[in-house]
Amino acid sequence: MTSLKLGDQGATVVELQKALIARGFDAGTADGNFGSTTRDAVLAFQRSANLAADGIVGPGTATALGLSIPQPPSPPPSRIPAVTADIVAQIVPAPRVNVESNLPFVLNALVAPQLADKSMILMALATIRAETGSFLPISEGQSHFNTSPGGHPFDLYDSRASLGNQGPPDGERFKGRGFIQLTGRANYAFHGNAIGLGNQLIDNPDLANDPDTAARLLASFLKNNEQKIRSALTADNLAEARRLVNGGSNGLDVFTEAYNTGLPLVPDEIAVVQSDTTKD
């Protein structure tokens, strides 16, 4: 990220909140959630420091607060160059900078698990369209699906056995993240191990929003359900393909639109460029 703003979450937001509180600006609790209280504290700090008061912590505000905001990793060369940002921008109508920055991570992650063919590339792209829309790995927001009226955030996930959660604070700790919206302690453990992170994803769930990690988690999830997904796609049963990822029909309309939009755009034959260190 190049800035912090309303809706952002994570360890960097915690550091922001601590810095504001230390300077006497009421950012509420240093809980890692950039809500309206934190935004108001940022606005107050910006006005006091004669900075542009927009409530967004960009480079100038970060420097004034003594913060270092991590920059996103530079995208690697794409190993599937025929699937271009121009093509994908038609499939996933997200900000172009997001597509250009994150597409190489997504495509490259599909190569090693042998998912770099037209149908599975379209499956990955349509899933991103349905799960995040913006072609950014993001955290799940609160809704009536995950938070009870008056309950603490994501309390409906806290003890859900199907997610492997073990009670508070597992609901919020293992909420949906990334391109696939990976959810639940069990999924974080299984797919974290599958992509070689061991327990790192359990210890630091926000890693699931790192673009490279998010892309590999997406690929891992698709690989784990590969045969059923391929069967559904072969039968042109996009509802079943979507269910195998989402567990239901949420986002089916945009998933279907993205998949069908991509059919004439993505080449039938996909050439994979060998990397310097990996041969597939």
# chains A, B, ... in the order shown; residues from 1 in each chain; ligands from 1
call {"tool": "select_by_dssp", "arguments": {"residues": "region 18-111 of chain A", "states": "helix (DSSP H, G or I)", "output": "PyMOL selection string"}}
result
chain A and resi 18-22+36-48+59-65+85-91+96-109
call {"tool": "residues_around", "arguments": {"residues": "Ala85 (chain A)", "least_positions_apart": "5", "cutoff": "10 Å", "atoms": "only C-alpha atoms", "output": "PDB file with N, CA and C atoms, in the first residue's frame"}}
result
ATOM      1  N   GLN A  90     -10.930  -5.975 -19.113  1.00  0.00           N
ATOM      2  CA  GLN A  90     -12.276  -6.174 -19.648  1.00  0.00           C
ATOM      3  C   GLN A  90     -13.042  -7.233 -18.862  1.00  0.00           C
ATOM      4  N   ILE A  91     -12.315  -8.175 -18.295  1.00  0.00           N
ATOM      5  CA  ILE A  91     -12.934  -9.251 -17.523  1.00  0.00           C
ATOM      6  C   ILE A  91     -13.255  -8.784 -16.111  1.00  0.00           C
ATOM      7  N   VAL A  92     -12.318  -8.059 -15.521  1.00  0.00           N
ATOM      8  CA  VAL A  92     -12.481  -7.512 -14.158  1.00  0.00           C
ATOM      9  C   VAL A  92     -12.351  -5.995 -14.266  1.00  0.00           C
ATOM     10  N   ARG A  96      -7.128   0.298 -13.327  1.00  0.00           N
ATOM     11  CA  ARG A  96      -6.083  -0.297 -14.152  1.00  0.00           C
ATOM     12  C   ARG A  96      -4.793  -0.541 -13.371  1.00  0.00           C
ATOM     13  N   VAL A  97      -4.459   0.366 -12.458  1.00  0.00           N
ATOM     14  CA  VAL A  97      -3.228   0.200 -11.687  1.00  0.00           C
ATOM     15  C   VAL A  97      -3.275  -1.071 -10.848  1.00  0.00           C
ATOM     16  N   ASN A  98      -4.452  -1.432 -10.354  1.00  0.00           N
ATOM     17  CA  ASN A  98      -4.583  -2.655  -9.566  1.00  0.00           C
ATOM     18  C   ASN A  98      -4.358  -3.890 -10.432  1.00  0.00           C
ATOM     19  N   VAL A  99      -4.912  -3.867 -11.627  1.00  0.00           N
ATOM     20  CA  VAL A  99      -4.736  -4.995 -12.543  1.00  0.00           C
ATOM     21  C   VAL A  99      -3.266  -5.143 -12.916  1.00  0.00           C
ATOM     22  N   GLU A 100      -2.637  -4.047 -13.302  1.00  0.00           N
ATOM     23  CA  GLU A 100      -1.238  -4.109 -13.723  1.00  0.00           C
ATOM     24  C   GLU A 100      -0.320  -4.555 -12.588  1.00  0.00           C
ATOM     25  N   SER A 101      -0.628  -4.131 -11.356  1.00  0.00           N
ATOM     26  CA  SER A 101       0.230  -4.450 -10.217  1.00  0.00           C
ATOM     27  C   SER A 101       0.084  -5.892  -9.759  1.00  0.00           C
ATOM     28  N   ASN A 102      -1.138  -6.434  -9.843  1.00  0.00           N
ATOM     29  CA  ASN A 102      -1.417  -7.727  -9.225  1.00  0.00           C
ATOM     30  C   ASN A 102      -1.569  -8.887 -10.193  1.00  0.00           C
ATOM     31  N   LEU A 103      -1.845  -8.596 -11.470  1.00  0.00           N
ATOM     32  CA  LEU A 103      -2.050  -9.678 -12.428  1.00  0.00           C
ATOM     33  C   LEU A 103      -0.861 -10.628 -12.534  1.00  0.00           C
ATOM     34  N   PRO A 104       0.386 -10.136 -12.612  1.00  0.00           N
ATOM     35  CA  PRO A 104       1.506 -11.087 -12.710  1.00  0.00           C
ATOM     36  C   PRO A 104       1.585 -12.056 -11.535  1.00  0.00           C
TER      37      PRO A 104
END
call {"tool": "closest_residue", "arguments": {"among": "A:Glu226, A:Leu156, A:Thr183, A:Gly35", "to": "Ser143 (chain A)", "atoms": "only C-alpha atoms"}}
result
A:Leu156
call {"tool": "closest_residue", "arguments": {"among": "A:Ile138, A:Ile21, A:Leu125, A:Ala64", "to": "Leu110 (chain A)", "atoms": "only C-alpha atoms"}}
result
A:Leu125
call {"tool": "residues_around", "arguments": {"residues": "region 76-79 of chain A", "least_positions_apart": "6", "cutoff": "10 Å", "atoms": "only C-alpha atoms", "output": "list in words"}}
result
Ser101, Asn102, Leu103, Pro104, Phe105, Val106, Leu107, Asn108, Ala109, Leu110, Val111, Ala116, Asp212, Ala271, Val272, Val273, Gln274 and Ser275 of chain A
call {"tool": "write_last_selection", "arguments": {"atoms": "N, CA and C atoms", "output": "mmCIF file, in the first residue's frame"}}
result
data_model
loop_
_atom_site.group_PDB
_atom_site.id
_atom_site.type_symbol
_atom_site.label_atom_id
_atom_site.label_comp_id
_atom_site.auth_asym_id
_atom_site.auth_seq_id
_atom_site.Cartn_x
_atom_site.Cartn_y
_atom_site.Cartn_z
ATOM 1 N N SER A 101 -0.628 -4.131 -11.356
ATOM 2 C CA SER A 101 0.230 -4.450 -10.217
ATOM 3 C C SER A 101 0.084 -5.892 -9.759
ATOM 4 N N ASN A 102 -1.138 -6.434 -9.843
ATOM 5 C CA ASN A 102 -1.417 -7.727 -9.225
ATOM 6 C C ASN A 102 -1.569 -8.887 -10.193
ATOM 7 N N LEU A 103 -1.845 -8.596 -11.470
ATOM 8 C CA LEU A 103 -2.050 -9.678 -12.428
ATOM 9 C C LEU A 103 -0.861 -10.628 -12.534
ATOM 10 N N PRO A 104 0.386 -10.136 -12.612
ATOM 11 C CA PRO A 104 1.506 -11.087 -12.710
ATOM 12 C C PRO A 104 1.585 -12.056 -11.535
ATOM 13 N N PHE A 105 1.293 -11.574 -10.321
ATOM 14 C CA PHE A 105 1.309 -12.468 -9.164
ATOM 15 C C PHE A 105 0.273 -13.581 -9.334
ATOM 16 N N VAL A 106 -0.925 -13.198 -9.787
ATOM 17 C CA VAL A 106 -2.009 -14.167 -9.943
ATOM 18 C C VAL A 106 -1.669 -15.197 -11.008
ATOM 19 N N LEU A 107 -1.230 -14.734 -12.169
ATOM 20 C CA LEU A 107 -0.928 -15.663 -13.258
ATOM 21 C C LEU A 107 0.243 -16.574 -12.902
ATOM 22 N N ASN A 108 1.268 -16.008 -12.326
ATOM 23 C CA ASN A 108 2.449 -16.814 -11.991
ATOM 24 C C ASN A 108 2.132 -17.886 -10.957
ATOM 25 N N ALA A 109 1.212 -17.560 -10.044
ATOM 26 C CA ALA A 109 0.855 -18.525 -8.999
ATOM 27 C C ALA A 109 0.133 -19.738 -9.567
ATOM 28 N N LEU A 110 -0.437 -19.611 -10.750
ATOM 29 C CA LEU A 110 -1.177 -20.717 -11.360
ATOM 30 C C LEU A 110 -0.263 -21.710 -12.070
ATOM 31 N N VAL A 111 0.996 -21.341 -12.289
ATOM 32 C CA VAL A 111 1.880 -22.168 -13.111
ATOM 33 C C VAL A 111 2.305 -23.448 -12.396
ATOM 34 N N ALA A 116 -2.412 -23.355 -15.281
ATOM 35 C CA ALA A 116 -2.201 -22.277 -16.253
ATOM 36 C C ALA A 116 -2.790 -22.631 -17.611
ATOM 37 N N ASP A 212 1.563 -11.459 -3.420
ATOM 38 C CA ASP A 212 2.125 -12.742 -3.817
ATOM 39 C C ASP A 212 1.505 -13.880 -3.004
ATOM 40 N N ALA A 271 0.771 -20.266 -23.551
ATOM 41 C CA ALA A 271 2.213 -20.519 -23.473
ATOM 42 C C ALA A 271 2.745 -19.969 -22.150
ATOM 43 N N VAL A 272 3.525 -20.797 -21.463
ATOM 44 C CA VAL A 272 4.111 -20.402 -20.183
ATOM 45 C C VAL A 272 5.589 -20.147 -20.366
ATOM 46 N N VAL A 273 6.049 -18.984 -19.929
ATOM 47 C CA VAL A 273 7.463 -18.628 -20.008
ATOM 48 C C VAL A 273 8.184 -19.260 -18.837
ATOM 49 N N GLN A 274 9.274 -19.943 -19.117
ATOM 50 C CA GLN A 274 10.065 -20.532 -18.041
ATOM 51 C C GLN A 274 10.709 -19.431 -17.210
ATOM 52 N N SER A 275 10.707 -19.602 -15.882
ATOM 53 C CA SER A 275 11.380 -18.639 -15.023
ATOM 54 C C SER A 275 12.859 -18.970 -14.945
#
call {"tool": "closest_residue", "arguments": {"among": "A:Arg23, A:Arg173, A:Arg230, A:His191", "to": "Gly10 (chain A)", "atoms": "only C-alpha atoms"}}
result
A:Arg173
call {"tool": "closest_atom_pairs", "arguments": {"of": "region 130-227 of chain A", "to": "region 257-262 of chain A", "cutoff": "12 Å", "atoms": "only C-alpha atoms", "output": "JSON lines"}}
result
{"residue": "A:Ala130", "atom": "CA", "partner": "A:Ala258", "partner_atom": "CA", "distance": 8.5}
{"residue": "A:Glu131", "atom": "CA", "partner": "A:Ala258", "partner_atom": "CA", "distance": 11.8}
{"residue": "A:Gly133", "atom": "CA", "partner": "A:Ala258", "partner_atom": "CA", "distance": 10.4}
